[in-house]
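Read the structure below first, then the notes.
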Amino acid sequence: MSQPESSPKSRRDLPWSLWTSQLLAVLRIELRKSLWMRRSIWIYLLALAPVSIIGLHALLDHNANLEEDTRVFAYIFQFYLHGAIFFACMGLFTWLFRGEIVEKSLHYYFLVPMRREVLIVGKFLAGVLASVVTFGGSVLLAFIFMYGHFGAAGRAFIFDGPGLGHLLAYLGVATLACVGYGSLFLALSLVFKNPILPGIVVLLWETFHAVLPSLLQKLSVMFYLKQLSPVSIPPDGIMALFTVVAEPVPAWIAVPGLLCLCGAILVFACFKIRRTEISYLAD
Amino acid sequence: MTTSNKIIFDNVSKFYGEVLGVNRVNLSLPPGVTSLVGPNGSGKTTLMNLMTGLVRPTQGSISVLGLTPDQPEEFFRHVGYCTQFDSFPKGVSGFSFIYQSLLLRGLLNREARSLALEAIERLGMTNAADRKIAGYSKGMRQRIRLAQAIAHHPTVLVLDEPLNGLDPMARAETIALFEALGKEGMHVIVSSHVLHEVDKISDQVVLMSYGYVVAEGQIHGVRSEVKEHPMQILVRCGNPGRLASRLFSQDHVVEAKLNNDGKGVLVRTRDADQFYLLLNRIVLEEDFLLEAVAPADDDVNSVYQYLIGGGGGTV
């Protein structure tokens, strides 16, 4: 039999070119899975939750105040980060590998001439793209609904005031949340057979990170995201009593800091997948 | 033959926790068709998974054509593996299943399409290629997985129970395909319970039991090593009674039994070479008319029964 891949057209002598084409192939397969599968419906419902709430508010509340709504939007966004984006990333990114193991199809990826690190990066990027499109789109729609019903005042806030900056900041924070939680849950799915329990631990960590010593706070994704939010929300209720005020981190440190944390987690995931064995029965 | 043309297991052991997968396996497999034979749980699949890097050895090392799975870009250009997992990515058609796996290999769209269609045609799946795999019969799923394993033209093809679920016609065609691939100089490693079928095409066998390699090599060589079970040879001739009486006087002949149809004698001998020399002499001296002489238990099935026993699994 001939060896088609060793033909002069072969890309094997050009690893970057090979990796790029393999990465694109992984992206193509995984995006289709993440975006168009029936399993993704609940993620869309989560993403649509704030759009629906703000849409109803825009329709029904005719005495709204722009300044107050800006604060309300910030609150909703914070719940959105803690709730929808967190849980959607948990479902989406843990399923990238755990789903393949449950469906006994991971070996097809392991039996092609592709570095497993390329698979990690490809699946991660597909998850990030799918979640950013979904949640970024949702934030955008919610923002339009929130300020659209103010008419000329809303337009002025967006185009002549700080509105556009807020929107970009919310979109950036949503993207960073997808990147941060995505990397974390992808790595957890490679370590634990059932990532639900560690997911709950992460949820508790992220929710109560503000009461931890300032050094530990920096190991939380939410710590960086809060620094980047355009409207700061002071802790209230019982949490306010225990909050440890950590030194604020400027955006130029917060963004690379979070990306470095994600990079370190992905490097760990790459190390882990190199030692991963296919033993579906044990899983 | 250089080692870079062989599949080599060097003192390989694999434990799943405290459960033994395979233990102290030393093998050197040349090109051709190699059958892995053994009862359920004997370690055949573990051996194949080790060979392809799906599991890692606890001890020892494995090389396939001088390569290891730690060099996946080179290794999997040469290796195709049809596992026994009857599972597929969700929602794909037969064609897209193979096409996608070729794209993952870094092939260009056109090349991937052409190779996918070629493999599908070779396995006789052209008419069903655009249907969703979820609607395939078991035999069709088996064939599409085989097509996926050979689509990139590997030089080493590893097949775990590849005949499972195939109807007799597909079975015969698939066996012919393996035989053809073996003759093309490929390594074809087949595990199967259908011994009489793999026996026909095997250049060598590896017999396994409880994680150990019990015997390996060409089937005739393995058979001759099984000294405690005398070789059975069937001689078809016109006067079997007289032949039986001549043979029975020899020390190495343990038994000479007349066939039910009265046209042959089944001989059990401890020394097949001596027996053939004796038979030649008798034929020349007494002008016997021989119709056929053939070993009766010089096959994988018999060797399997002698070495591993019938109670070990489905045979």
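Identifiers in this document derive from the order of the structure tokens: chains are assigned A, B, ..., residues are numbered from 1 separately in each chain, and ligands are numbered from 1 in order of occurrence.
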
Contact residues around Phe135 in chain A with only C-alpha atoms at 8 Å, ignoring same-chain residues under 4 positions, as a PyMOL selection string: chain A and resi 47+85+131+139+174

Save out the residues we just selected, N, CA and C atoms, as a compact mmCIF listing (two decimals), in the first residue's frame.
# COMPACT_ATOMS: atom_id res chain seq x y z
N ALA A 47 -28.00 31.17 29.10
CA ALA A 47 -27.51 32.41 28.48
C ALA A 47 -28.64 33.41 28.25
N ILE A 85 -22.59 31.65 33.65
CA ILE A 85 -21.31 31.39 32.96
C ILE A 85 -20.54 30.29 33.69
N SER A 131 -18.55 29.24 24.01
CA SER A 131 -19.09 29.94 25.19
C SER A 131 -19.05 31.45 25.01
N VAL A 139 -24.78 38.91 26.65
CA VAL A 139 -24.46 40.18 27.33
C VAL A 139 -24.80 41.35 26.41
N ALA A 174 -16.74 38.72 30.45
CA ALA A 174 -17.42 37.46 30.10
C ALA A 174 -16.46 36.53 29.36

Contact residues (chain A, partner chain B, 6 Å, only C-alpha atoms) as a list in words: Gln3, Leu18, Ser21, Gln22, Ala25, Lys104, Ser105, Val112, Pro113, Met114, Glu277 and Ile278 of chain A

Who sits within 10 Å of Val249 in chain A, only C-alpha atoms, same chain under 6 positions skipped, as a list in words: Lys218, Phe223, Tyr224, Lys226, Gln227, Leu228, Val255 and Gly257 of chain A

File dump, residues just selected, C-alpha atoms, as a CSV table (one decimal), in the first residue's frame:
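Contents of out.csv, as written:
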chain,number,residue,atom,x,y,z
A,218,LYS,CA,-5.3,35.8,43.7
A,223,PHE,CA,-10.8,38.0,41.9
A,224,TYR,CA,-9.5,39.2,38.6
A,226,LYS,CA,-14.1,41.8,39.8
A,227,GLN,CA,-11.2,44.1,39.2
A,228,LEU,CA,-12.1,44.4,35.6
A,255,VAL,CA,-5.7,40.4,32.5
A,257,GLY,CA,-2.4,37.5,35.6

Test item: residues at most 8 Å from Gly180 in chain A, only C-alpha atoms, excluding those fewer than 5 positions along its chain, as a VMD selection string: chain A and resid 221 258 to 259 261 to 262

Write a file of the selected residues as a PDB file, in the first residue's frame, keeping N, CA and C atoms.
ATOM      1  N   VAL A 221     -10.466  32.967  39.962  1.00  0.00           N
ATOM      2  CA  VAL A 221     -10.784  33.635  38.692  1.00  0.00           C
ATOM      3  C   VAL A 221     -11.613  34.889  38.975  1.00  0.00           C
ATOM      4  N   LEU A 258      -4.623  36.634  34.995  1.00  0.00           N
ATOM      5  CA  LEU A 258      -5.626  35.586  34.770  1.00  0.00           C
ATOM      6  C   LEU A 258      -5.186  34.671  33.624  1.00  0.00           C
ATOM      7  N   LEU A 259      -4.665  35.278  32.569  1.00  0.00           N
ATOM      8  CA  LEU A 259      -4.233  34.458  31.423  1.00  0.00           C
ATOM      9  C   LEU A 259      -3.067  33.548  31.817  1.00  0.00           C
ATOM     10  N   LEU A 261      -2.590  32.338  34.820  1.00  0.00           N
ATOM     11  CA  LEU A 261      -3.194  31.278  35.635  1.00  0.00           C
ATOM     12  C   LEU A 261      -3.803  30.213  34.720  1.00  0.00           C
ATOM     13  N   CYS A 262      -4.515  30.664  33.683  1.00  0.00           N
ATOM     14  CA  CYS A 262      -5.127  29.728  32.723  1.00  0.00           C
ATOM     15  C   CYS A 262      -4.054  28.944  31.973  1.00  0.00           C
TER      16      CYS A 262
END

Between CA of Pro50 in chain A and CA of Ala187 in chain A, distance in Å (one decimal):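 Interatomic distance, CA of Pro50 in chain A to CA of Ala187 in chain A: 28.5 Å.
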
For Val179 in chain A: contacts at 10 Å, only C-alpha atoms, fewer than 3 positions along chain excluded, given as a list in words: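 Surrounding residues, per the criterion: Cys89, Phe124, Leu125, Gly127, Val128, Leu129, Ser131, Val132, Val173, Ala174, Thr175, Leu176, Gly182, Ser183, Leu184, Val221, Leu258, Leu259, Cys262 and Gly263 of chain A.
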
Go ahead and dump the residues you just picked, N, CA and C atoms, as a tab-separated table (two decimals), in the first residue's frame.
chain	number	residue	atom	x	y	z
A	89	CYS	N	-19.91	26.83	31.78
A	89	CYS	CA	-18.53	26.43	31.51
A	89	CYS	C	-18.25	25.07	32.13
A	124	PHE	N	-10.03	23.20	23.86
A	124	PHE	CA	-10.18	24.37	24.71
A	124	PHE	C	-10.65	25.57	23.88
A	125	LEU	N	-10.01	25.79	22.74
A	125	LEU	CA	-10.40	26.92	21.90
A	125	LEU	C	-11.83	26.78	21.40
A	127	GLY	N	-14.24	25.23	22.95
A	127	GLY	CA	-15.10	25.55	24.10
A	127	GLY	C	-15.16	27.04	24.34
A	128	VAL	N	-14.02	27.71	24.25
A	128	VAL	CA	-13.98	29.17	24.47
A	128	VAL	C	-14.81	29.88	23.41
A	129	LEU	N	-14.62	29.48	22.16
A	129	LEU	CA	-15.37	30.12	21.07
A	129	LEU	C	-16.88	29.95	21.26
A	131	SER	N	-18.55	29.24	24.01
A	131	SER	CA	-19.09	29.94	25.19
A	131	SER	C	-19.05	31.45	25.01
A	132	VAL	N	-18.00	31.96	24.36
A	132	VAL	CA	-17.92	33.42	24.17
A	132	VAL	C	-19.02	33.89	23.22
A	173	VAL	N	-14.92	40.83	30.31
A	173	VAL	CA	-14.99	40.04	31.54
A	173	VAL	C	-15.67	38.69	31.25
A	174	ALA	N	-16.74	38.72	30.45
A	174	ALA	CA	-17.42	37.46	30.10
A	174	ALA	C	-16.46	36.53	29.36
A	175	THR	N	-15.68	37.11	28.45
A	175	THR	CA	-14.70	36.31	27.69
A	175	THR	C	-13.65	35.72	28.64
A	176	LEU	N	-13.14	36.57	29.53
A	176	LEU	CA	-12.12	36.08	30.46
A	176	LEU	C	-12.69	35.02	31.41
A	182	GLY	N	-13.16	27.85	31.86
A	182	GLY	CA	-12.98	26.80	30.84
A	182	GLY	C	-11.73	26.00	31.10
A	183	SER	N	-10.61	26.69	31.29
A	183	SER	CA	-9.34	25.97	31.50
A	183	SER	C	-9.42	25.14	32.78
A	184	LEU	N	-10.04	25.72	33.80
A	184	LEU	CA	-10.13	25.02	35.08
A	184	LEU	C	-10.95	23.74	34.95
A	221	VAL	N	-10.47	32.97	39.96
A	221	VAL	CA	-10.78	33.63	38.69
A	221	VAL	C	-11.61	34.89	38.98
A	258	LEU	N	-4.62	36.63	34.99
A	258	LEU	CA	-5.63	35.59	34.77
A	258	LEU	C	-5.19	34.67	33.62
A	259	LEU	N	-4.66	35.28	32.57
A	259	LEU	CA	-4.23	34.46	31.42
A	259	LEU	C	-3.07	33.55	31.82
A	262	CYS	N	-4.51	30.66	33.68
A	262	CYS	CA	-5.13	29.73	32.72
A	262	CYS	C	-4.05	28.94	31.97
A	263	GLY	N	-2.99	29.66	31.59
A	263	GLY	CA	-1.89	29.00	30.88
A	263	GLY	C	-1.30	27.90	31.73

Within 9 Å of Ala84 in chain A using only C-alpha atoms, minus same-chain residues under 3 positions, as a PyMOL selection string: chain A and resi 43+46-47+49+79-81+87-89+135

Surrounding residues of Phe248 in chain B excluding itself and chain neighbours under 6 positions, 12 Å, only C-alpha atoms, as a PyMOL selection string: chain B and resi 240-242+254-258+265-269+275+278-279

If you keep C-alpha atoms, can you produce a file of those selected residues as a PDB file, in the first residue's frame?
ATOM      1  CA  PRO B 240      -5.809 -48.388   4.962  1.00  0.00           C
ATOM      2  CA  GLY B 241      -5.858 -51.590   7.004  1.00  0.00           C
ATOM      3  CA  ARG B 242      -2.569 -52.843   5.593  1.00  0.00           C
ATOM      4  CA  VAL B 254       1.149 -44.022  19.108  1.00  0.00           C
ATOM      5  CA  GLU B 255      -2.116 -44.805  17.363  1.00  0.00           C
ATOM      6  CA  ALA B 256      -3.341 -45.751  13.908  1.00  0.00           C
ATOM      7  CA  LYS B 257      -7.102 -45.581  13.570  1.00  0.00           C
ATOM      8  CA  LEU B 258      -9.112 -46.537  10.504  1.00  0.00           C
ATOM      9  CA  VAL B 265      -6.144 -43.989   8.422  1.00  0.00           C
ATOM     10  CA  LEU B 266      -5.631 -41.396  11.148  1.00  0.00           C
ATOM     11  CA  VAL B 267      -2.160 -41.745  12.612  1.00  0.00           C
ATOM     12  CA  ARG B 268      -0.897 -40.190  15.859  1.00  0.00           C
ATOM     13  CA  THR B 269       2.882 -39.959  15.949  1.00  0.00           C
ATOM     14  CA  PHE B 275       6.630 -40.771  10.045  1.00  0.00           C
ATOM     15  CA  LEU B 278       8.556 -44.159   6.874  1.00  0.00           C
ATOM     16  CA  LEU B 279       5.507 -43.448   4.746  1.00  0.00           C
TER      17      LEU B 279
END
